[in-house]
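Enquirer: File name upload_12.csv; file contents CSV, C-alpha atoms and all ligand atoms; full text below.
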chain,number,residue,atom,x,y,z
F,1,MET,CA,15.7,15.1,48.7
F,2,ASN,CA,15.9,13.5,45.3
F,3,ILE,CA,12.6,13.1,43.3
F,4,GLY,CA,12.3,10.5,40.5
F,5,VAL,CA,9.6,11.3,38.0
F,6,LEU,CA,8.2,8.9,35.4
F,7,GLY,CA,7.4,11.1,32.5
F,8,GLY,CA,9.1,14.3,31.4
F,9,GLY,CA,6.3,16.5,30.0
F,10,GLN,CA,4.9,19.8,31.2
F,11,LEU,CA,3.5,18.4,34.4
F,12,ALA,CA,6.9,17.1,35.4
F,13,ARG,CA,8.4,20.4,34.3
F,14,MET,CA,6.1,22.4,36.5
F,15,MET,CA,6.6,20.0,39.4
F,16,ALA,CA,10.3,20.5,39.2
F,17,GLN,CA,9.9,24.3,38.9
F,18,ALA,CA,7.8,24.2,42.2
F,19,GLY,CA,10.4,21.9,43.8
F,20,SER,CA,13.3,24.2,43.5
F,21,SER,CA,12.0,26.4,46.3
F,22,LEU,CA,11.8,23.3,48.5
F,23,GLY,CA,15.4,22.5,47.6
F,24,LEU,CA,14.5,19.3,45.8
F,25,SER,CA,16.4,17.7,42.9
F,26,PHE,CA,14.7,15.9,40.0
F,27,MET,CA,15.4,13.0,37.6
F,28,PHE,CA,13.0,12.2,34.8
F,29,LEU,CA,12.7,8.8,33.2
F,30,CYS,CA,11.1,9.6,29.8
F,31,PRO,CA,11.6,8.0,26.4
F,32,ASP,CA,11.0,11.3,24.6
F,33,SER,CA,14.3,12.9,23.6
F,34,HIS,CA,12.6,16.4,23.6
F,35,ALA,CA,11.2,16.0,27.1
F,36,CYS,CA,10.3,19.5,28.1
F,37,ALA,CA,11.1,18.9,31.8
F,38,ALA,CA,14.7,18.0,31.0
F,39,PRO,CA,16.3,21.4,31.7
F,40,TYR,CA,15.0,21.1,35.3
F,41,GLY,CA,16.9,18.0,36.3
F,42,GLU,CA,18.6,14.9,34.9
F,43,HIS,CA,16.9,13.3,31.9
F,44,LEU,CA,17.1,9.5,31.6
F,45,CYS,CA,16.1,9.2,28.0
F,46,ALA,CA,15.2,5.5,27.7
F,47,PRO,CA,12.2,3.3,27.3
F,48,TYR,CA,10.3,2.8,30.5
F,49,GLU,CA,11.2,-0.9,30.3
F,50,ASP,CA,15.0,-0.2,30.3
F,51,LYS,CA,16.4,-2.0,33.3
F,52,ARG,CA,19.6,0.1,33.6
F,53,ALA,CA,17.7,3.3,33.6
F,54,GLN,CA,15.3,1.9,36.2
F,55,GLU,CA,18.3,0.9,38.4
F,56,HIS,CA,19.9,4.3,38.0
F,57,LEU,CA,16.6,6.0,39.1
F,58,VAL,CA,16.2,3.7,42.1
F,59,LYS,CA,19.8,4.3,43.2
F,60,TRP,CA,19.5,8.1,43.0
F,61,ALA,CA,16.0,8.9,44.1
F,62,ASP,CA,14.5,9.0,47.6
F,63,VAL,CA,10.9,8.9,46.3
F,64,VAL,CA,9.3,8.3,42.9
F,65,THR,CA,6.1,9.7,41.4
F,66,TYR,CA,4.6,10.0,38.0
F,67,GLU,CA,3.1,12.7,35.8
F,68,PHE,CA,0.5,10.6,33.9
F,69,GLU,CA,-1.4,7.4,34.3
F,70,ASN,CA,-0.6,5.7,31.0
F,71,ILE,CA,2.8,4.3,32.1
F,72,PRO,CA,3.3,0.6,32.4
F,73,LEU,CA,1.7,-0.7,35.6
F,74,SER,CA,4.4,-3.3,35.8
F,75,LEU,CA,7.1,-0.6,36.0
F,76,VAL,CA,5.3,1.2,38.9
F,77,GLU,CA,4.8,-2.2,40.7
F,78,SER,CA,8.5,-3.1,40.3
F,79,LEU,CA,9.8,0.3,41.4
F,80,GLN,CA,7.5,0.3,44.4
F,81,ARG,CA,9.1,-2.9,45.7
F,82,GLN,CA,12.5,-1.1,45.7
F,83,ILE,CA,11.7,2.5,46.7
F,84,PRO,CA,8.9,4.7,48.2
F,85,LEU,CA,6.5,5.6,45.4
F,86,HIS,CA,3.3,7.7,45.4
F,87,PRO,CA,0.5,7.3,44.5
F,88,ALA,CA,0.8,3.6,45.1
F,89,SER,CA,0.6,1.1,42.3
F,90,SER,CA,-2.6,-0.4,43.7
F,91,ILE,CA,-4.3,3.0,43.3
F,92,LEU,CA,-2.9,3.4,39.7
F,93,SER,CA,-4.3,0.0,38.8
F,94,VAL,CA,-7.8,1.1,39.8
F,95,VAL,CA,-7.9,4.6,38.4
F,96,ARG,CA,-6.1,4.0,35.1
F,97,ASP,CA,-8.8,1.6,34.0
F,98,ARG,CA,-12.3,3.2,33.5
F,99,LEU,CA,-14.1,0.0,34.7
F,100,PRO,CA,-12.7,-0.5,38.2
F,101,GLU,CA,-12.6,3.3,38.5
F,102,LYS,CA,-16.4,3.5,37.9
F,103,LEU,CA,-17.0,0.6,40.2
F,104,LEU,CA,-15.1,2.4,42.9
F,105,PHE,CA,-17.4,5.4,42.6
F,106,HIS,CA,-20.4,3.1,42.9
F,107,THR,CA,-19.0,1.3,46.0
F,108,LEU,CA,-18.6,4.8,47.6
F,109,GLY,CA,-22.1,5.8,46.6
F,110,ILE,CA,-20.9,8.4,44.2
F,111,PRO,CA,-23.2,8.6,41.2
F,112,THR,CA,-21.9,8.4,37.6
F,113,VAL,CA,-23.5,8.4,34.1
F,114,ASN,CA,-25.0,5.1,33.1
F,115,PHE,CA,-22.4,2.8,31.7
F,116,ALA,CA,-21.7,-0.8,30.7
F,117,PRO,CA,-18.4,-2.7,30.1
F,118,VAL,CA,-18.1,-4.1,26.5
F,119,ASP,CA,-15.5,-6.3,25.0
F,120,SER,CA,-17.0,-7.2,21.6
F,121,LEU,CA,-19.2,-5.5,19.0
F,122,GLU,CA,-22.0,-7.9,19.9
F,123,LYS,CA,-21.9,-6.8,23.5
F,124,LEU,CA,-21.8,-3.2,22.5
F,125,ILE,CA,-24.9,-3.6,20.4
F,126,ASN,CA,-26.7,-5.3,23.3
F,127,ALA,CA,-25.5,-2.7,25.8
F,128,MET,CA,-27.0,0.1,23.7
F,129,GLU,CA,-30.5,-1.2,24.5
F,130,ASP,CA,-30.0,0.0,28.1
F,131,ILE,CA,-27.6,2.9,27.5
F,132,GLY,CA,-29.5,4.6,24.6
F,133,PHE,CA,-28.2,7.2,22.1
F,134,PRO,CA,-26.3,9.5,22.2
F,135,ALA,CA,-23.5,7.7,24.0
F,136,VAL,CA,-19.7,7.6,24.0
F,137,LEU,CA,-17.5,4.5,23.7
F,138,LYS,CA,-14.3,4.8,25.6
F,139,ASN,CA,-11.2,2.6,25.6
F,140,ARG,CA,-10.8,1.5,29.3
F,141,THR,CA,-7.1,2.4,29.4
F,142,GLN,CA,-4.7,4.7,27.5
F,143,GLY,CA,-7.1,7.6,27.0
F,144,TYR,CA,-6.2,11.3,27.4
F,145,ASP,CA,-7.5,14.5,25.8
F,146,GLY,CA,-10.5,12.6,24.5
F,147,LYS,CA,-8.3,10.1,22.6
F,148,GLY,CA,-9.5,6.5,22.4
F,149,GLN,CA,-13.1,7.6,22.4
F,150,ALA,CA,-15.9,7.5,19.8
F,151,LEU,CA,-19.2,9.2,19.8
F,152,LEU,CA,-22.3,7.0,19.2
F,153,ARG,CA,-25.2,9.0,17.6
F,154,LYS,CA,-27.2,6.1,16.1
F,155,GLU,CA,-27.1,2.4,15.4
F,156,ILE,CA,-25.1,2.8,12.3
F,157,ASP,CA,-22.1,4.2,14.2
F,158,LEU,CA,-21.5,1.2,16.3
F,159,SER,CA,-19.3,-0.9,14.0
F,160,ALA,CA,-17.1,2.0,12.9
F,161,ALA,CA,-16.8,3.1,16.6
F,162,TRP,CA,-15.8,-0.4,17.7
F,163,GLU,CA,-13.0,-0.3,15.0
F,164,GLU,CA,-12.0,3.3,16.0
F,165,VAL,CA,-11.3,2.4,19.7
F,166,GLY,CA,-9.2,-0.5,18.5
F,167,LYS,CA,-11.6,-3.4,19.3
F,168,ALA,CA,-10.2,-3.2,22.9
F,169,PRO,CA,-12.0,-3.6,26.2
F,170,CYS,CA,-14.2,-0.5,26.6
F,171,ILE,CA,-17.0,1.0,28.5
F,172,VAL,CA,-19.9,2.6,26.8
F,173,GLU,CA,-21.6,5.5,28.7
F,174,SER,CA,-24.5,7.7,28.1
F,175,MET,CA,-23.7,11.2,26.8
F,176,VAL,CA,-25.0,13.5,29.5
F,177,GLU,CA,-26.2,17.1,29.0
F,178,PHE,CA,-24.3,18.7,31.9
F,179,ARG,CA,-24.9,22.2,33.1
F,180,ARG,CA,-21.2,22.6,33.9
F,181,GLU,CA,-18.1,20.5,34.0
F,182,LEU,CA,-16.1,20.8,37.2
F,183,SER,CA,-13.0,19.4,38.8
F,184,ILE,CA,-11.7,19.4,42.4
F,185,ILE,CA,-8.1,19.0,43.3
F,186,ALA,CA,-6.9,17.9,46.7
F,187,ALA,CA,-3.7,16.8,48.3
F,188,ARG,CA,-3.4,14.1,51.0
F,189,ASN,CA,-0.3,13.0,53.0
F,190,GLN,CA,0.7,9.8,54.8
F,191,ASN,CA,-0.9,11.0,58.0
F,192,GLY,CA,-4.2,11.4,56.2
F,193,ASP,CA,-4.1,15.2,56.4
F,194,MET,CA,-5.8,16.8,53.4
F,195,VAL,CA,-6.0,20.2,51.7
F,196,PHE,CA,-8.5,21.2,49.0
F,197,TYR,CA,-8.5,23.8,46.2
F,198,PRO,CA,-11.6,25.7,45.1
F,199,VAL,CA,-13.3,23.8,42.3
F,200,SER,CA,-12.5,24.7,38.7
F,201,GLU,CA,-15.2,25.1,36.1
F,202,ASN,CA,-13.8,23.5,32.9
F,203,HIS,CA,-14.6,24.1,29.2
F,204,HIS,CA,-13.5,21.5,26.7
F,205,ARG,CA,-13.6,21.5,22.9
F,206,ASP,CA,-13.0,18.4,20.9
F,207,GLY,CA,-12.3,16.5,24.1
F,208,ILE,CA,-9.5,18.8,25.1
F,209,LEU,CA,-9.5,21.3,28.0
F,210,ARG,CA,-9.4,24.9,26.8
F,211,LEU,CA,-10.4,27.0,29.8
F,212,SER,CA,-10.6,26.5,33.6
F,213,ILE,CA,-12.2,29.1,35.8
F,214,SER,CA,-11.9,29.3,39.6
F,215,ARG,CA,-14.6,31.4,41.2
F,216,GLU,CA,-14.7,32.5,44.8
F,217,ASP,CA,-17.4,30.4,46.6
F,218,ASP,CA,-18.5,28.1,43.9
F,219,PRO,CA,-21.8,26.6,45.0
F,220,MET,CA,-20.6,23.1,44.3
F,221,GLN,CA,-17.5,23.2,46.5
F,222,VAL,CA,-19.0,21.4,49.5
F,223,ARG,CA,-20.4,18.5,47.5
F,224,ALA,CA,-17.3,18.1,45.4
F,225,LYS,CA,-15.1,18.1,48.5
F,226,ALA,CA,-17.1,15.4,50.2
F,227,LYS,CA,-16.7,13.2,47.1
F,228,ILE,CA,-12.9,13.6,46.9
F,229,ILE,CA,-12.5,13.0,50.6
F,230,SER,CA,-14.3,9.7,50.4
F,231,ILE,CA,-12.2,8.6,47.4
F,232,MET,CA,-8.9,9.6,48.9
F,233,ASP,CA,-9.6,8.1,52.3
F,234,ASN,CA,-10.8,4.9,50.7
F,235,LEU,CA,-7.6,4.5,48.7
F,236,ASP,CA,-5.4,5.8,51.5
F,237,TYR,CA,-4.1,8.1,48.9
F,238,VAL,CA,-0.8,10.1,49.1
F,239,GLY,CA,-0.2,12.9,46.6
F,240,VAL,CA,-2.4,15.3,44.6
F,241,MET,CA,-5.6,13.9,43.0
F,242,ALA,CA,-8.0,15.5,40.6
F,243,LEU,CA,-11.7,14.4,40.4
F,244,GLU,CA,-13.5,15.4,37.2
F,245,LEU,CA,-17.2,15.9,37.6
F,246,PHE,CA,-20.3,16.6,35.5
F,247,GLN,CA,-22.9,18.9,37.2
F,248,VAL,CA,-26.4,17.8,36.1
F,249,GLY,CA,-29.0,20.1,37.7
F,250,ASP,CA,-27.6,20.3,41.3
F,251,GLN,CA,-26.2,16.8,41.2
F,252,LEU,CA,-22.6,15.9,40.7
F,253,LEU,CA,-21.7,12.8,38.7
F,254,ALA,CA,-18.1,11.6,38.8
F,255,ASN,CA,-16.4,11.3,35.4
F,256,GLU,CA,-12.9,10.2,36.3
F,257,VAL,CA,-10.0,10.6,38.7
F,258,ALA,CA,-6.5,11.7,37.7
F,259,PRO,CA,-3.9,10.3,40.2
F,260,ARG,CA,-1.6,13.3,39.6
F,261,VAL,CA,-1.4,17.0,39.2
F,262,HIS,CA,-4.0,18.2,36.7
F,263,ASN,CA,-4.4,20.7,33.9
F,264,SER,CA,-7.4,22.3,35.5
F,265,GLY,CA,-5.2,23.2,38.5
F,266,HIS,CA,-2.5,25.2,36.7
F,267,TRP,CA,-4.1,28.4,38.0
F,268,THR,CA,-2.9,27.5,41.5
F,269,ILE,CA,0.6,28.5,40.5
F,270,GLU,CA,-0.3,32.1,40.6
F,271,ALA,CA,-3.6,32.3,42.5
F,272,ALA,CA,-3.3,29.9,45.4
F,273,GLU,CA,-1.0,30.2,48.4
F,274,THR,CA,0.6,26.9,47.6
F,275,SER,CA,0.4,25.4,44.1
F,276,GLN,CA,-0.9,21.9,43.3
F,277,PHE,CA,2.7,21.1,42.2
F,278,GLU,CA,4.2,22.1,45.5
F,279,ASN,CA,1.5,20.3,47.5
F,280,HIS,CA,2.1,17.1,45.5
F,281,LEU,CA,5.8,17.2,46.3
F,282,ARG,CA,5.0,18.1,50.0
F,283,ALA,CA,2.6,15.1,50.2
F,284,ILE,CA,5.0,12.5,48.7
F,285,CYS,CA,8.0,13.8,50.7
F,286,GLY,CA,6.1,13.6,54.0
F,287,LEU,CA,6.2,17.4,54.5
F,288,PRO,CA,3.4,19.5,56.0
F,289,LEU,CA,0.9,20.4,53.3
F,290,GLY,CA,0.7,24.1,52.3
F,291,GLU,CA,-2.3,26.5,52.5
F,292,THR,CA,-4.5,26.3,49.4
F,293,SER,CA,-6.6,29.5,49.9
F,294,SER,CA,-6.8,31.8,46.9
F,295,ALA,CA,-7.8,35.4,47.3
F,296,GLN,CA,-8.5,36.1,43.7
F,297,THR,CA,-10.7,35.1,40.8
F,298,SER,CA,-8.6,33.4,38.2
F,299,ALA,CA,-8.8,31.7,34.8
F,300,MET,CA,-6.4,29.5,32.9
F,301,VAL,CA,-6.4,29.3,29.1
F,302,ASN,CA,-4.5,26.5,27.4
F,303,LEU,CA,-2.4,27.3,24.3
F,304,ILE,CA,-3.1,24.4,22.0
F,305,GLY,CA,-1.4,23.9,18.6
F,306,ARG,CA,-0.3,27.6,18.4
F,307,LEU,CA,1.8,30.1,20.2
F,308,PRO,CA,0.4,33.6,20.3
F,309,VAL,CA,2.7,36.6,20.1
F,310,GLU,CA,4.1,37.0,23.6
F,311,ALA,CA,3.9,40.8,23.6
F,312,GLU,CA,0.1,40.6,22.9
F,313,ILE,CA,-0.4,38.4,26.0
F,314,ARG,CA,1.8,40.7,28.1
F,315,ASN,CA,-0.5,43.6,27.2
F,316,ILE,CA,-3.3,41.9,29.1
F,317,PRO,CA,-3.1,43.0,32.7
F,318,GLY,CA,-2.9,40.1,35.2
F,319,ALA,CA,-1.8,37.6,32.5
F,320,SER,CA,1.0,35.1,33.4
F,321,LEU,CA,2.5,33.2,30.5
F,322,HIS,CA,3.9,29.7,30.7
F,323,PHE,CA,5.5,28.2,27.5
F,324,TYR,CA,6.5,24.6,27.8
F,325,ASP,CA,9.3,24.7,25.2
F,326,LYS,CA,7.6,22.2,23.0
F,327,SER,CA,7.4,22.2,19.2
F,328,VAL,CA,4.0,23.4,17.9
F,329,LYS,CA,1.8,20.6,16.5
F,330,THR,CA,-1.9,20.4,15.9
F,331,GLY,CA,-3.8,19.5,19.1
F,332,ARG,CA,-0.6,19.7,21.3
F,333,LYS,CA,-0.6,21.7,24.5
F,334,VAL,CA,2.3,24.0,24.2
F,335,GLY,CA,1.7,26.4,27.0
F,336,HIS,CA,-1.0,28.1,29.1
F,337,VAL,CA,-1.8,31.6,30.4
F,338,THR,CA,-3.2,32.3,33.9
F,339,LEU,CA,-5.3,35.4,34.4
F,340,THR,CA,-5.6,36.7,38.0
F,341,SER,CA,-7.0,40.0,39.1
F,342,ASP,CA,-9.2,41.6,41.7
F,343,CYS,CA,-10.7,43.9,39.1
F,344,SER,CA,-14.5,44.1,38.4
F,345,PRO,CA,-16.3,41.1,36.9
F,346,GLU,CA,-16.9,43.2,33.7
F,347,GLU,CA,-13.3,44.0,33.4
F,348,PHE,CA,-12.2,40.4,34.1
F,349,ASP,CA,-14.5,39.1,31.3
F,350,LEU,CA,-13.0,41.7,28.9
F,351,ARG,CA,-9.5,40.6,29.7
F,352,LEU,CA,-10.4,36.9,29.5
F,353,ALA,CA,-12.1,37.4,26.1
F,354,ALA,CA,-9.0,39.1,24.8
F,355,LEU,CA,-6.9,36.2,26.0
F,356,LEU,CA,-9.2,33.6,24.5
F,357,GLN,CA,-9.1,35.4,21.1
F,358,LEU,CA,-5.3,35.2,21.2
F,359,ALA,CA,-5.5,31.5,22.0
F,360,GLY,CA,-7.8,30.9,19.0
F,361,GLU,CA,-10.9,30.2,21.2
F,362,ALA,CA,-13.3,32.6,19.4
F,363,GLU,CA,-16.4,30.8,20.6
F,364,LEU,CA,-15.5,31.0,24.3
F,365,ALA,CA,-14.3,34.6,23.8
F,366,GLY,CA,-17.9,35.5,23.0
F,367,ARG,CA,-19.2,34.4,26.5
F,368,LYS,CA,-19.4,36.2,29.9
F,369,PHE,CA,-18.2,34.1,32.7
F,370,PHE,CA,-18.0,36.4,35.7
F,371,ASN,CA,-20.4,39.2,34.9
F,372,SER,CA,-23.4,36.9,34.6
F,373,THR,CA,-26.3,35.6,36.6
F,374,PRO,CA,-25.0,34.2,39.9
F,375,LEU,CA,-24.9,30.4,40.2
F,376,THR,CA,-27.5,28.9,42.5
F,377,GLN,CA,-26.2,28.1,46.0
F,378,CYS,CA,-26.4,24.4,47.0
F,379,PRO,CA,-25.8,23.1,50.5
A,401,LIG,N1,-20.5,10.7,29.2
A,401,LIG,C1,-20.2,12.0,28.8
A,401,LIG,N2,-21.2,12.9,28.6
A,401,LIG,C2,-20.9,14.1,28.2
A,401,LIG,N3,-19.6,14.5,27.9
A,401,LIG,C3,-18.6,13.7,28.1
A,401,LIG,C4,-18.8,12.3,28.5
A,401,LIG,N4,-17.7,11.7,28.6
A,401,LIG,C5,-16.7,12.6,28.2
A,401,LIG,N5,-17.3,13.8,27.9
A,401,LIG,C6,-16.5,15.0,27.4
A,401,LIG,O1,-15.3,14.6,26.9
A,401,LIG,C7,-14.2,15.1,27.7
A,401,LIG,C8,-13.1,14.0,27.8
A,401,LIG,O2,-13.6,12.8,28.4
A,401,LIG,P1,-12.8,12.0,29.5
A,401,LIG,O3,-12.5,13.0,30.6
A,401,LIG,O4,-13.6,10.8,29.8
A,401,LIG,O5,-11.5,11.6,28.7
A,401,LIG,P2,-10.0,11.7,28.8
A,401,LIG,O6,-9.5,11.5,27.5
A,401,LIG,O7,-9.5,10.8,29.9
A,401,LIG,O8,-9.8,13.2,29.2
A,401,LIG,P3,-8.6,13.9,30.0
A,401,LIG,O9,-7.6,12.9,30.3
A,401,LIG,O10,-8.2,15.0,29.1
A,401,LIG,O11,-9.3,14.4,31.2
A,401,LIG,C9,-14.9,15.3,29.1
A,401,LIG,O12,-14.1,16.3,29.9
A,401,LIG,C10,-16.2,15.9,28.6
A,401,LIG,O13,-16.1,17.2,28.2
A,402,MG,MG,-11.1,13.7,31.6
For this file, write the structure as structure tokens.

Expert:
Amino acid sequence: MNIGVLGGGQLARMMAQAGSSLGLSFMFLCPDSHACAAPYGEHLCAPYEDKRAQEHLVKWADVVTYEFENIPLSLVESLQRQIPLHPASSILSVVRDRLPEKLLFHTLGIPTVNFAPVDSLEKLINAMEDIGFPAVLKNRTQGYDGKGQALLRKEIDLSAAWEEVGKAPCIVESMVEFRRELSIIAARNQNGDMVFYPVSENHHRDGILRLSISREDDPMQVRAKAKIISIMDNLDYVGVMALELFQVGDQLLANEVAPRVHNSGHWTIEAAETSQFENHLRAICGLPLGETSSAQTSAMVNLIGRLPVEAEIRNIPGASLHFYDKSVKTGRKVGHVTLTSDCSPEEFDLRLAALLQLAGEAELAGRKFFNSTPLTQCP
């Protein structure tokens, strides 16, 4: 089967790597001449709006998908009229915009932080009476890795923040003091069959994911799973979805949904029976979904803005290195390392600390993640 992908970054690249064992071929429509997925298929290097490139993709592909949500909605709508495409444009139109996305959570009875839509400085000032400080102002669309966001600490920040997010339609939401940040990834096919991965515990710095941990039997698994089932069923979703959550006490608040494979699920390549990338392809191609069970504890560390010496990473037992063949630039994700092992929690923490040091995450390297007080069980 031929798979057309909108975008040609590392998510498209890992999708194509997973697709080779299913005998799938790939074509990427991506305006970036250095698209790192290019070696794994044919690269249509053209603007998304390019009609000839679109025609070529439609002629060649059996099904089209995308690797990120900030692609023109009109393109997805137009392609979907000509060829099977997943997740559907109606789904993208909801989850790429923070306002309908939050309203969907509320319709389904899934709690979120307090929020208000704002489309002028005046409305922002008024909304702050309800929301309170600290808060975060987020552009409704086009955000990723914390971009298009401004922190609101006090009254005086409001005008600068409004400028910073581009005076565009936004939501303002209260800054929540969460105990943990989690995500759950699931795949659903056209028959409504679903599979779920164990939740990931995610650690961000400067709005960018640095570390994801997957523990055996996370106490929040059951609650997270119930939430993603209700969202996917409601949307009649096909493909892989990630739901990002804040754990406040024992309650889970929905942050956002990613209608695609997700950075916090990269550990599934090594540690799960079927990776998130393979299951996304299985779902969109109408194939049976693969087992998601993972026998081991695992952690994934992003390599951001620097490439550590390969040999030093290889010296850490259980470390699997993924470089994306991207040029190094401040704040850019250029690779990741997955650590898997059935060693003791003490030993796992030591290996993870060594890896975090090499990735430049000194603060996280000082913490114990596995050899610590057990997390409270929740029903
Ligand atoms: N209301 C909030 N309270 C506390 N922390 C928050 C809040 N909103 C965002 N954050 C922090 O900022 C990070 C990025 O925010 P968010 O997920 O909304 O943006 P994003 O740019 O779409 O991120 P990405 O696409 O990388 O997931 C969150 O993962 C979380 O760590
Ligand atoms: Mg996010």

Enquirer: Could you list, with a cut-off of 10 Å and counting only C-alpha atoms and all ligand atoms, the residues of chain F near ligand LIG 401 (chain A), each shown with its nearest atom pair and the distance in Å rounded to one decimal, rows sorted by chain and ascending number, as a Markdown table?

Expert:
| residue | atom | partner | partner_atom | distance |
| --- | --- | --- | --- | --- |
| F:Phe68 | CA | A:LIG401 | O9 | 9.2 |
| F:Glu69 | CA | A:LIG401 | O9 | 9.2 |
| F:Arg96 | CA | A:LIG401 | O7 | 9.2 |
| F:Arg98 | CA | A:LIG401 | O4 | 8.6 |
| F:Thr112 | CA | A:LIG401 | N1 | 8.8 |
| F:Val113 | CA | A:LIG401 | N1 | 6.2 |
| F:Asn114 | CA | A:LIG401 | N1 | 8.2 |
| F:Phe115 | CA | A:LIG401 | N1 | 8.5 |
| F:Pro134 | CA | A:LIG401 | N2 | 8.9 |
| F:Ala135 | CA | A:LIG401 | N1 | 6.7 |
| F:Val136 | CA | A:LIG401 | N1 | 6.1 |
| F:Leu137 | CA | A:LIG401 | N4 | 8.7 |
| F:Lys138 | CA | A:LIG401 | O4 | 7.4 |
| F:Asn139 | CA | A:LIG401 | O6 | 9.3 |
| F:Arg140 | CA | A:LIG401 | O7 | 9.4 |
| F:Thr141 | CA | A:LIG401 | O7 | 8.8 |
| F:Gln142 | CA | A:LIG401 | O7 | 8.1 |
| F:Gly143 | CA | A:LIG401 | O6 | 4.6 |
| F:Tyr144 | CA | A:LIG401 | O6 | 3.3 |
| F:Asp145 | CA | A:LIG401 | O10 | 3.4 |
| F:Gly146 | CA | A:LIG401 | O6 | 3.3 |
| F:Lys147 | CA | A:LIG401 | O6 | 5.2 |
| F:Gly148 | CA | A:LIG401 | O6 | 7.1 |
| F:Gln149 | CA | A:LIG401 | O6 | 7.4 |
| F:Ala150 | CA | A:LIG401 | C5 | 9.9 |
| F:Leu151 | CA | A:LIG401 | C4 | 9.2 |
| F:Val172 | CA | A:LIG401 | N1 | 8.5 |
| F:Glu173 | CA | A:LIG401 | N1 | 5.3 |
| F:Ser174 | CA | A:LIG401 | N1 | 5.1 |
| F:Met175 | CA | A:LIG401 | N2 | 3.5 |
| F:Val176 | CA | A:LIG401 | N2 | 4.0 |
| F:Glu177 | CA | A:LIG401 | C2 | 6.1 |
| F:Phe178 | CA | A:LIG401 | C2 | 6.8 |
| F:Arg180 | CA | A:LIG401 | O13 | 9.4 |
| F:Glu181 | CA | A:LIG401 | O13 | 7.0 |
| F:Leu182 | CA | A:LIG401 | O12 | 8.8 |
| F:Ser183 | CA | A:LIG401 | O12 | 9.5 |
| F:Asn202 | CA | A:LIG401 | O12 | 7.8 |
| F:His203 | CA | A:LIG401 | O13 | 7.1 |
| F:His204 | CA | A:LIG401 | O13 | 5.2 |
| F:Arg205 | CA | A:LIG401 | O13 | 7.3 |
| F:Asp206 | CA | A:LIG401 | O1 | 7.5 |
| F:Gly207 | CA | A:LIG401 | C7 | 4.3 |
| F:Ile208 | CA | A:LIG401 | O10 | 5.7 |
| F:Leu209 | CA | A:LIG401 | O10 | 6.5 |
| F:Ala242 | CA | A:LIG401 | O11 | 9.6 |
| F:Leu243 | CA | A:LIG401 | O11 | 9.5 |
| F:Glu244 | CA | A:LIG401 | O3 | 7.1 |
| F:Leu245 | CA | A:LIG401 | O12 | 8.3 |
| F:Phe246 | CA | A:LIG401 | C2 | 7.7 |
| F:Leu253 | CA | A:LIG401 | N1 | 9.8 |
| F:Ala254 | CA | A:LIG401 | N1 | 9.9 |
| F:Asn255 | CA | A:LIG401 | O4 | 6.3 |
| F:Glu256 | CA | A:LIG401 | O3 | 6.4 |
| F:Val257 | CA | A:LIG401 | O11 | 8.4 |
| F:Ala258 | CA | A:LIG401 | O11 | 7.6 |
| F:His262 | CA | A:LIG401 | O11 | 8.5 |
| F:Asn263 | CA | A:LIG401 | O10 | 8.4 |
| F:Ser264 | CA | A:LIG401 | O11 | 9.2 |

Enquirer: Could you pull out every residue with an atom within 10 Å of (16.0, 19.2, 40.2), file coordinates, counting all atoms listed in the file, and send them as a list of chain:residue names?

Expert: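 So the residues meeting the distance criterion are F:Met1, F:Asn2, F:Ile3, F:Gly4, F:Arg13, F:Met15, F:Ala16, F:Gln17, F:Ala18, F:Gly19, F:Ser20, F:Gly23, F:Leu24, F:Ser25, F:Phe26, F:Met27, F:Phe28, F:Ala37, F:Ala38, F:Pro39, F:Tyr40, F:Gly41, F:Glu42.
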
Enquirer: Which residue, F:Pro84, F:Ile313, F:Pro259, F:Ala319, has the smallest gap to ligand MG 402 (chain A) when you use all atoms listed in the file?

Expert: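 Checking each of F:Pro84, F:Ile313, F:Pro259, F:Ala319 against ligand MG 402 (chain A), counting all atoms listed in the file, the winner is F:Pro259.
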
Enquirer: Find the residue from F:Ala160, F:Ala311, F:Val95, F:Ala46 that sits nearest to ligand MG 402 (chain A); use all atoms listed in the file when measuring.

Expert: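 Smallest separation from ligand MG 402 (chain A) among the options: F:Val95.
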
Enquirer: Starting from the point (-18.2, -5.2, 18.4), work out which residues of protein, DNA or RNA have an atom no more than 9 Å away when counting only C-alpha atoms; state them as a ChimeraX atom specification.

Expert: /F:118-125,158-159,161-163,167

Enquirer: Could you check how far CA of His336 in chain F sits from CA of His322 in chain F, in Å to one decimal?

Expert: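 Atom-to-atom, CA of His336 in chain F and CA of His322 in chain F are spaced 5.4 Å apart.
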
Enquirer: Please provide the set of residues having any atom within 12 Å of Gly305 in chain F, restricted to all atoms listed in the file, with same-chain residues fewer than 6 positions apart removed, written as a compact mmCIF listing (two decimals) with C-alpha atoms, in the coordinates of the input.

Expert:
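Saved the output as result_20.txt:
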# COMPACT_ATOMS: atom_id res chain seq x y z
CA ILE F 208 -9.50 18.80 25.10
CA ARG F 210 -9.40 24.90 26.80
CA LYS F 326 7.60 22.20 23.00
CA SER F 327 7.40 22.20 19.20
CA VAL F 328 4.00 23.40 17.90
CA LYS F 329 1.80 20.60 16.50
CA THR F 330 -1.90 20.40 15.90
CA GLY F 331 -3.80 19.50 19.10
CA ARG F 332 -0.60 19.70 21.30
CA LYS F 333 -0.60 21.70 24.50
CA VAL F 334 2.30 24.00 24.20
CA GLY F 335 1.70 26.40 27.00
CA HIS F 336 -1.00 28.10 29.10
CA ALA F 359 -5.50 31.50 22.00
CA GLY F 360 -7.80 30.90 19.00
CA GLU F 361 -10.90 30.20 21.20
